[in-house]
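Student: A single structure is presented below for examination.
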Amino acid sequence: MINAVISIFALAGVAPLIQRFAGRRAGLLVALLPACLTVYFASYAGVMMRGESVTQRFAWAASLGVEVKFYLDGLSLLMTLLICGIGSLVCVYGGGYLRKHEHLGRFYLFLLAFMGAMLGLVLAGNLLVLFVFWELTSITSFLLIGFEHEDEGARAAALQALIITAGGGLLMLAGFVMLGQVAGGNYDVQALLAQGDAIKASSLYVPLLLLIFVGAFTKSAQFPFHFWLPNAMQAPTPISAYLHSATMVKAGVYLLARLAPALGGSVEWTSIMTTTGALTMIVGSVLAFYQTNMKRLLAYSTIAALGTMVMLIGTGSEYAIRAALVFLLAHALYKGALFMIAGIIDHQTGTKDVEVLGGLRKAMPLTATIAVVAGLSLAAIPPMFSFISKEMLFEATLDVDSNAGRFRLILTAVAVLAGTMFVTVAGLVAVRPFFGSLKVTPKVAHDAPLEMWFAPALLAVAGIVFGCMPNTVTDRLIAPAVAAVYPNAAPMELALWHGLNVPLGLSVVSIVCGLVLYRAWDALRTRTKWTQGFSRFGTEGMFAAGGELIECLARWQTAILQNGKLRIYLLVITGTTIGLTAYTMRRGGITFPAANFFRTDVKFYEVGLALLILAASVAAVRSKSRLGAVAALGVVGYGVALVFILFGAPDLALTQFLIETLTVILLVLVLYHLPRLKAITGKRARARDLIVSLLFGALMTTLVLITASVEFDPRVSDFYAAHSLPDAHGRNIVNVILVDFRGLDTLGEITVLAVAAIGVFALLKLRPQAIKQRAKRKRRQLKPLKTTTRGEESPL
Amino acid sequence: MNTLLILPLITPLMVAAVSFLVWRRKAWQKWLSVGGACMSFVWACALFESVRDGEILTMQAGGWAAPFGISLVADTFAAVMVLLTATMGLAVTIYAVRSIDERRAAFGFYPILQILLMGVTGAFLTGDLFNLYVWFEVMLMSSFVLLALGGERAQIEGGIKYVTINLLSSAIFLAAIGFLYSVTGTLNMADLALKIGALPASLTAPLSVLFLVAFGVKAGLFPLFFWLPASYHTPPAVVSAVFAGLLTKVGVYALIRTFTLIFAFTDVDVDNLLLTLAGLTMVTGGLGALAQTDARRVLSFLIIAHIGVAVMGLGLNSTRALAGTIFYLIEDVIVLTNLFLIVGIMGRVCGTFELARMGGMYRTHPMLGALFLVPAWSLSGVPPFSGFFAKLALVQAGLEVEAYTVVALSLVVGILTLVAMMRLWAEAFWKPSPYVVDAAQDKMQTGKMLLVPVCALSLMSIGLGIGAEAVFGVALTAAGQIDNANGYIEAVLGVRR
């Protein structure tokens with residue numbers, strides 16, 4: 001199994017090369033591997049029928065709970081066969097569909113990478129590994145939806161799908177981690193399934209369930225996240241056929257089915273899932289009615305189908321699970337085929353709008369035949385496999401009585417509605433384009449080449465074959481899958497004919513209603529078109545508005561925070577320092593050391609010195625000229641140097657004198673060339689700045705006073721005094737500290753000075769003008785583009 | 001005495017010194033730097049190898065016993081960071097060889113880059129608080145010169161904001177050191193860890209907040225990060241890359257060191273403060289990235305967002321969370337450096353960093369597009385790249401202590417990052433170029449040499465994901481050491497707490 005997944009990824013890596021060298025035959029060549037894998041996995045059917053499973057494992061990041069465990073049981077087998085089987089067909093079909101596309105090689109690359117991810121997803125026996133593949137399917141889907149990347153709509157759709165599915169996936173990760181923690185740090189799926197009762201009893205059950213629901217519902221396009229799926233129809237049709245009907249969107253359904261034994265059965269599980277599923281069915285069915293684009297028609301009917309599956313799994317009865325899985329298989333077959341048909345029509349006629357299509361049966365007899373067969377499947381007409389699945393659906397909704405009581409009628413009605421709409425959609429997609437009078441299309445229509453009709457033909461025929469011998473399929477595929485979801489399931493027997501009963505009646509009702517709706521489609525649609533005005537109140541509009549809101553918020557907060565004004569930045573940082581420090585001081589219960597502040601042993605000249613420094617500081621701030629400010633700062637510096645002298649650090653004082661003198665002289669020399677000071681702030685701003693400055697000063701003063709009240713531990717300075725002469729051979733302790741005890745610091749500071757010197761030199765000498773001119777010249781040769789390196793003042 | 005501790009510091013210093021001697025020989029300086037970066041890388045590997053199993057190496061500079069001289073200490077965390085520094089140093093030096101113009105090279109670009117790397121390495125290796133300040137100064141001055149080198153108007157504007165705010169941070173840092181020295185009488189961090197216990201928490205908590213602010217500015221925490229988006233988009237890409245990868249991480253490293261070793265008190269208040277700041281940092285950074293229209297500014301805000309995620313691990317305060325943070329730092333350094341390097345190439349190709357004017361590269365530069373996606377997804381926490389595992393560890397650690405809000409925010413920031421990155425990608429690669437471009441001419445512009453470091457770093461992102469178990473093992477070792485500081489203290493001072 002591991003080899004299967006790896007081989008698909010490896011093939012993905014070389015697919016562009018194959019495309020380059022094999023040309024037209026590349027599709028067939030690439031399809032070989034998934035076809036072989038289909039056979040390989042099918043060979044496990046016997047094992048599955050015996051109720052066994054296969055496991056392979058190796059450690060990946062075990063300390064984080066990530067163990068690569070691959071696990072094949074009935075449910076995984078059903079999915080792998082769909083993935084590989086339809087996957088190989090899509091490779092062939094896509095090769096024909098995109099034959100002239102310049103990025104066909106990349107198509108194979110992304111498609112196969114997706115296939116590998118999807119295989120990994122359904123084979124994963126560890127929640128975190130499952131998540132890894134889950135997100136991989138999201139990003140490969142992103143690349144595939146945006147395949148026609150020069151189209152803005154495709155880019156937007158790709159981003160939307162990514163945000164919704166990958167975002168939902170990240171929330172699901174939180175749910176997975178919670179689930180793992182409830183289960184004692186174990187992420188092994190099979191181990192989790194065994195602990196269902198403990199999980200359901202946990203206080204984290206509801207949150208984790210909701211988070212996992214978000215993941216599954218976003219992926220499987222459930223209401224209210226359904227809207228990304230129709231938009232994803234921007235992808236080339238082979239991709240829609242594969243990802244957005246047959247496989248990826250079923251990942252959510254798969255996950256729910258997979259976890260049903262562990263999480264299912266509770267009131268929350270049943271009510272949320274049946275409600276969501278039913279709502280999705282309604283939304284999908286109703287919206288499908290208003291589409292004229294074949295792909296979007298199919299997409300909305302897919303949404304309704306996915307809703308059906310979620311609803312069925314939510315009700316959780318044995319019969320419902322069985323119905324869900326039979327439907328999953330049937331749906332993949334006919335929906336894959338119909339998408340491919342839609343693709344053929346689009347490819348051959350240049351349009352996929354059902355309103356302008358008609359009478360193609362003469363030009364495209366083969367396509368018409370396949371379309372009708374697949375359409376019968378969608379409409380669930382006997383003897384199609386899907387007929388059986390629909391009978392089971394009705395039976396399951398009628399059967400929910402024991403589980404969800406009064407929902408029975410509602411669910412059945414919803415199921416009939418969905419069934420009706422499937423018939424209408426089938427008519428619109430598979431009948432209408434081919435019958436009636438021939439309409440003029442952008443391209444003159446003719447039948448598709450073999451590689452394009454082969455795949456849908458096979459899928460459509462499979463629908464008949466499975467319908468005629470349902471038990472061959474169910475014994476090998478469905479029953480083992482049901483057993484994985486619903487342990488101890490009774491053996492099942494399927495047949496086209498169940499006798500005259502309520503489900504059959506409902507089938508007839510839905511077919512008749514569907515045909516009526518089909519006949520009345522044009523009239524009814526145009527007459528009720530006004531209802532589409534409400535669509536902007538739909539969830540897509542809400543999500544878009546939410547996105548817009550977030551963007552506005554982002555711009556607003558960035559404009560406020562990153563406003564480009566240095567003085568505001570400094571103000572905020574200083575304010576934060578004051579606020580946080582004061583907060584912790586208050587919390588810690590520090591009192592202002594008043595005794596330190598109001599000391600009596602202060603000399604008069606010390607007070608004088610302090611006043612001098614203060615006065616000079618005020619003068620520096622208030623000065624109207626740069627020169628005055630510099631002189632005042634010089635006085636501050638000299639004052640500080642005097643303090644050093646008074647408190648016994650004459651060498652420090654000397655250094656300070658030197659630095660101050662030099663700074664003042666240099667500044668005066670430089671400042672001479674600068675313009676006069678301009679007032680850039682108003683009175684109020686200056687008052688605010690004054691308050692913040694005073695507070696900062698007060699904070700520092702308080703800290704000094706507090707720390708000064710702690711007795712100094714002189715161990716280190718005593719050591720320096722004692723060892724300076726005997727060990728370091730220097731009489732001046734400060735010098736010895738600088739060059740020996742803490743020589744490394746000095747080395748660093750010297751380096752700083754050297755770098756600063758180079759910096760000054762470069763700033764003076766390295767004129768940007770020359771660079772700019774040269775760059776401009778270079779640019780002019782290249783393209784008509786103006787490059788600007790903008791500061792942050794420019795509008796965002 | 002352990003030479004391995006001083007070699008990663010001496011090598012760049014010597015390279016710089018020799019380069020200054022051959023000031024006019026630009027080619028010599030260039031290749032000297034490449035050689036020096038290679039050597040530093042080798043030393044860093046050797047250092048990492050010798051401590052990866054949990055040993056702690058120390059060296060007392062000048063032979064003066066701790067706490068009287070300056071101690072250099074390499075525990076696993078420090079060695080990991082040194083190794084990352086050397087790796088990024090090598091990558092950006094190679095990138096610079098082909099991307100830095102002759103005029104910048106003539107004004108000491110290469111030696112100053114080496115000095116910057118020395119400063120970063122020194123900050124990781126030092127065991128002395130004041131020495132840390134000195135390395136910060138080395139970093140600050142050399143980064144300022146690199147930032148302003150070229151003298152364009154935007155560079156000077158950004159540079160002034162950068163240097164002013166960072167000097168304020170340095171002043172606060174220095175004042176905090178002074179206060180701490182006056183109450184403990186020592187600067188040695190291990191010694192401080194011993195002495196701090198004797199002081200009342202009501203005194204140490206406000207002091208710790210001063211350090212929080214000083215390092216918070218360096219790290220780019222909310223609401224102290226202004227200097228970063230103001231300046232990171234102005235210098236050449238290679239300079240932004242080394243800044244993005246390393247400078248903010250030094251701030252985070254210093255935060256982790258001080259708050260696990262020195263202020264390791266079990267004060268829930270400070271942890272909550274860290275978590276609050278981390279959460280706000282993530283949100284403002286993530287939202288900021290969405291609001292940008294310049295590729296480099298998108299990245300600048302993403303740096304901030306992910307600093308928040310890294311600090312979240314410190315605030316959660318458990319071995320697992322710290323391990324997650326260390327893993328996250330490893331990933332972040334590689335990924336952000338790489339992203340800036342790639343965006344640099346994109347800018348060369350398109351002639352602009354304005355998203356609206358970029359485009360068409362999916363057709364002309366598909367490989368570059370693929371190379372961009374690797375770090376972009378890794379940063380967003382998309383599996384199977386390294387970022388996912390780091391995020392996973394943090395989410396697990398966060399949910400363990402039921403810190404739901406911050407975990408939710410960290411997931412949201414993942415989504416915001418993904419949106420920002422994919423939108424950038426769609427604009428620059430998918431969108432057709434708004435200009436008529438001769439593709440052949442454009443192809444010429446990306447030098448092959450520029451792709452070498454980019455490819456290497458992308459491979460690292462993938463490799464760290466595949467080898468997540470080994471990386472997380474190292475991170476756990478490192479986290480164990482810093483969570484229980486006794487080993488560190490004993491290695492430095494030779495006494496037990």
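Each chain in the structure tokens gets a letter, A, B and so on, in the order shown; residues start at 1 in every chain, and ligands are counted from 1 in the order they appear.
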Tell me, as a PyMOL selection string, which residues lie within 12 Å of Val670 of chain A, counting only C-alpha atoms; anything in the same chain fewer than 4 positions away does not count.
Tutor: chain A and resi 626-627+630+663-666+674-675
Student: Within 12 Å of Gln160 of chain A, counting only C-alpha atoms, which residues qualify if same-chain residues fewer than 5 places away don't, as a ChimeraX atom specification?
Tutor: /A:138-139,141-142,145-146,153-155,165-168,218,225-232,234,540,543-544,547 /B:418-419,422-423
Student: Find the residues around Ala260 of chain A up to 10 Å (only C-alpha atoms counted), leave out those fewer than 5 positions away in its own chain, and share them as a PyMOL selection string.
Tutor: chain A and resi 193+196+254-255+265+269+313-314+316+321+484-486
Student: Store the residues picked out above, limited to N, CA, C and O atoms, as a compact mmCIF listing (two decimals), in the first residue's frame.
Tutor:
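Below is the file selection_10.txt, written as the result:
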```txt
# COMPACT_ATOMS: atom_id res chain seq x y z
N LEU A 193 -11.38 4.12 17.36
CA LEU A 193 -12.71 3.57 17.11
C LEU A 193 -13.15 2.68 18.26
O LEU A 193 -14.34 2.57 18.56
N GLY A 196 -14.95 4.56 21.55
CA GLY A 196 -16.08 5.44 21.27
C GLY A 196 -16.79 5.94 22.52
O GLY A 196 -17.06 7.14 22.63
N TYR A 254 -16.24 10.38 3.53
CA TYR A 254 -15.41 9.25 3.97
C TYR A 254 -15.00 9.41 5.43
O TYR A 254 -15.10 8.48 6.23
N LEU A 255 -14.54 10.63 5.77
CA LEU A 255 -14.05 10.85 7.13
C LEU A 255 -15.18 10.62 8.14
O LEU A 255 -14.98 9.97 9.18
N GLY A 265 -23.64 8.29 16.80
CA GLY A 265 -24.65 7.74 17.68
C GLY A 265 -25.18 8.72 18.71
O GLY A 265 -26.25 8.51 19.27
N TRP A 269 -24.33 14.29 17.11
CA TRP A 269 -23.92 13.73 15.82
C TRP A 269 -25.11 13.62 14.89
O TRP A 269 -25.11 14.13 13.78
N ILE A 313 -25.44 9.07 6.64
CA ILE A 313 -24.47 8.63 7.66
C ILE A 313 -24.88 9.20 9.01
O ILE A 313 -24.72 8.55 10.04
N GLY A 314 -25.44 10.39 8.99
CA GLY A 314 -25.87 10.99 10.25
C GLY A 314 -26.96 10.20 10.94
O GLY A 314 -26.93 10.03 12.15
N GLY A 316 -27.41 7.09 10.80
CA GLY A 316 -26.61 6.09 11.49
C GLY A 316 -27.18 4.69 11.58
O GLY A 316 -26.55 3.83 12.15
N ILE A 321 -26.46 3.49 6.44
CA ILE A 321 -25.04 3.39 6.08
C ILE A 321 -24.92 2.66 4.75
O ILE A 321 -24.19 3.07 3.84
N ALA A 484 -17.12 -1.89 7.97
CA ALA A 484 -16.12 -1.00 8.58
C ALA A 484 -16.80 0.15 9.32
O ALA A 484 -16.28 0.66 10.31
N VAL A 485 -17.96 0.56 8.84
CA VAL A 485 -18.65 1.68 9.46
C VAL A 485 -19.60 1.19 10.54
O VAL A 485 -19.76 1.81 11.59
N TYR A 486 -20.23 0.10 10.25
CA TYR A 486 -21.26 -0.41 11.15
C TYR A 486 -20.93 -1.85 11.47
O TYR A 486 -21.33 -2.78 10.77
```
Student: Might you pull out every residue within 10 Å of Gly46 of chain A, with only C-alpha atoms counted and same-chain residues fewer than 2 positions away left off, and present them as an MDAnalysis selection string?
Tutor: chainID A and resid 42:44 48:52 475:477 480
Student: Could those selected residues go to a file with C-alpha atoms, as a tab-separated table (two decimals), in the first residue's frame?
Tutor:
```
chain	number	residue	atom	x	y	z
A	42	ALA	CA	-9.24	-5.17	-6.36
A	43	SER	CA	-7.24	-8.28	-5.57
A	44	TYR	CA	-7.76	-7.46	-1.89
A	48	MET	CA	-12.04	-7.86	2.69
A	49	MET	CA	-14.95	-10.23	2.14
A	50	ARG	CA	-13.54	-12.41	4.86
A	51	GLY	CA	-13.76	-9.39	7.11
A	52	GLU	CA	-10.05	-8.96	7.51
A	475	ASP	CA	-20.72	-8.69	-1.68
A	476	ARG	CA	-17.26	-7.64	-2.74
A	477	LEU	CA	-17.33	-3.90	-2.21
A	480	PRO	CA	-17.07	-5.00	3.66
```
Student: Leaving out Gly159 of chain B and any residue of its chain fewer than 2 positions from it, which residues lie within 7 Å of it when counting only C-alpha atoms, given as a PyMOL selection string?
Tutor: chain B and resi 144+147-148+155-157+161-163+231
Student: Just want the 8 Å neighbourhood of Ile112 of chain B, counted on only C-alpha atoms, with same-chain residues fewer than 4 positions away dropped. Output as a ChimeraX atom specification.
Tutor: /A:755 /B:16,108,116,142,145-146
Student: Can you tell me how far atom CA of Ala45 of chain A sits from atom CA of Leu78 of chain A, in Å to one decimal?
Tutor: 9.3 Å
Student: For chain A, work out the contacting residues on chain B at 6 Å, counting only C-alpha atoms, and write them as a PyMOL selection string.
Tutor: chain B and resi 68-69+107+131+138+145+150-152+154+182-183+185+202+206+209+224+230+287-288+291+352+383-384+415+430-432+468-469
Student: I'd like to know which residues of segment 413-596 of chain A are helix (DSSP H, G or I) (by DSSP, run on the backbone); could you write them as a PyMOL selection string?
Tutor: chain A and resi 413-431+450-468+470-485+502-519+521-527+529-537+539-561+566-588+594-596
Student: Which one of B:Thr281, B:Thr276, B:Thr417, B:Thr204 sits closest to Leu302 of chain B if you count only C-alpha atoms?
Tutor: B:Thr417
Student: Could you tell me how far atom CA of Ala198 of chain B sits from atom CA of Pro593 of chain A, in Å to one decimal place?
Tutor: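 Separation between atom CA of Pro593 of chain A and atom CA of Ala198 of chain B: 19.5 Å.
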Student: Please report, as a list in words, each residue of segment 41-75 of chain B to which DSSP assigns strand (DSSP E) when run on this structure's backbone.
Tutor: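 Result set for segment 41-75 of chain B (strand (DSSP E)): Leu57, Thr58, Met59, Gln60, Ala61, Ile70, Ser71, Leu72, Val73 and Ala74 of chain B.
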Student: Go ahead and save the residues from that selection, with all heavy atoms, as a compact mmCIF listing (two decimals), in the first residue's frame.
Tutor:
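Wrote out04.txt, looks like this:
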```txt
# COMPACT_ATOMS: atom_id res chain seq x y z
N LEU B 57 28.54 22.77 26.53
CA LEU B 57 29.93 23.22 26.48
C LEU B 57 30.03 24.64 27.02
O LEU B 57 29.15 25.47 26.79
CB LEU B 57 30.43 23.21 25.04
CG LEU B 57 30.47 21.87 24.31
CD1 LEU B 57 31.08 22.06 22.93
CD2 LEU B 57 31.27 20.87 25.11
N THR B 58 31.11 24.91 27.73
CA THR B 58 31.32 26.28 28.21
C THR B 58 32.74 26.70 27.94
O THR B 58 33.64 25.87 27.79
CB THR B 58 31.07 26.40 29.72
OG1 THR B 58 31.97 25.50 30.37
CG2 THR B 58 29.65 26.08 30.07
N MET B 59 32.92 28.01 27.86
CA MET B 59 34.26 28.56 27.75
C MET B 59 34.29 29.86 28.52
O MET B 59 33.38 30.67 28.41
CB MET B 59 34.59 28.81 26.28
CG MET B 59 36.05 29.07 26.05
SD MET B 59 36.30 29.91 24.49
CE MET B 59 36.59 31.55 25.08
N GLN B 60 35.32 30.05 29.36
CA GLN B 60 35.43 31.29 30.10
C GLN B 60 36.43 32.17 29.38
O GLN B 60 37.62 31.84 29.32
CB GLN B 60 35.88 31.03 31.55
CG GLN B 60 35.14 29.92 32.26
CD GLN B 60 33.65 30.21 32.44
OE1 GLN B 60 33.20 31.33 32.25
NE2 GLN B 60 32.89 29.19 32.78
N ALA B 61 35.97 33.29 28.84
CA ALA B 61 36.86 34.13 28.05
C ALA B 61 37.97 34.69 28.92
O ALA B 61 37.73 35.14 30.04
CB ALA B 61 36.07 35.28 27.43
N ILE B 70 33.71 36.62 31.29
CA ILE B 70 32.55 36.43 30.41
C ILE B 70 32.51 34.96 30.02
O ILE B 70 33.51 34.41 29.56
CB ILE B 70 32.67 37.31 29.16
CG1 ILE B 70 32.55 38.79 29.57
CG2 ILE B 70 31.60 36.95 28.15
CD1 ILE B 70 32.86 39.75 28.46
N SER B 71 31.34 34.35 30.21
CA SER B 71 31.22 32.94 29.84
C SER B 71 30.57 32.81 28.48
O SER B 71 29.63 33.54 28.16
CB SER B 71 30.35 32.21 30.86
OG SER B 71 30.80 32.46 32.16
N LEU B 72 31.10 31.89 27.70
CA LEU B 72 30.40 31.49 26.48
C LEU B 72 29.82 30.11 26.74
O LEU B 72 30.50 29.25 27.28
CB LEU B 72 31.34 31.45 25.28
CG LEU B 72 31.96 32.79 24.86
CD1 LEU B 72 32.91 32.58 23.69
CD2 LEU B 72 30.89 33.79 24.50
N VAL B 73 28.58 29.92 26.41
CA VAL B 73 27.90 28.67 26.71
C VAL B 73 27.20 28.16 25.46
O VAL B 73 26.54 28.93 24.77
CB VAL B 73 26.83 28.85 27.82
CG1 VAL B 73 26.37 27.51 28.32
CG2 VAL B 73 27.37 29.71 28.94
N ALA B 74 27.36 26.87 25.20
CA ALA B 74 26.60 26.27 24.10
C ALA B 74 25.82 25.08 24.64
O ALA B 74 26.39 24.01 24.85
CB ALA B 74 27.53 25.84 22.98
```
Student: From the options A:Ala687, A:Leu104, A:Met294, A:Met492, which residue's atoms come nearest to Leu357 of chain A, counting only C-alpha atoms?
Tutor: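 Looking only at the distances to Leu357 of chain A, the closest residue turns out to be A:Met294.
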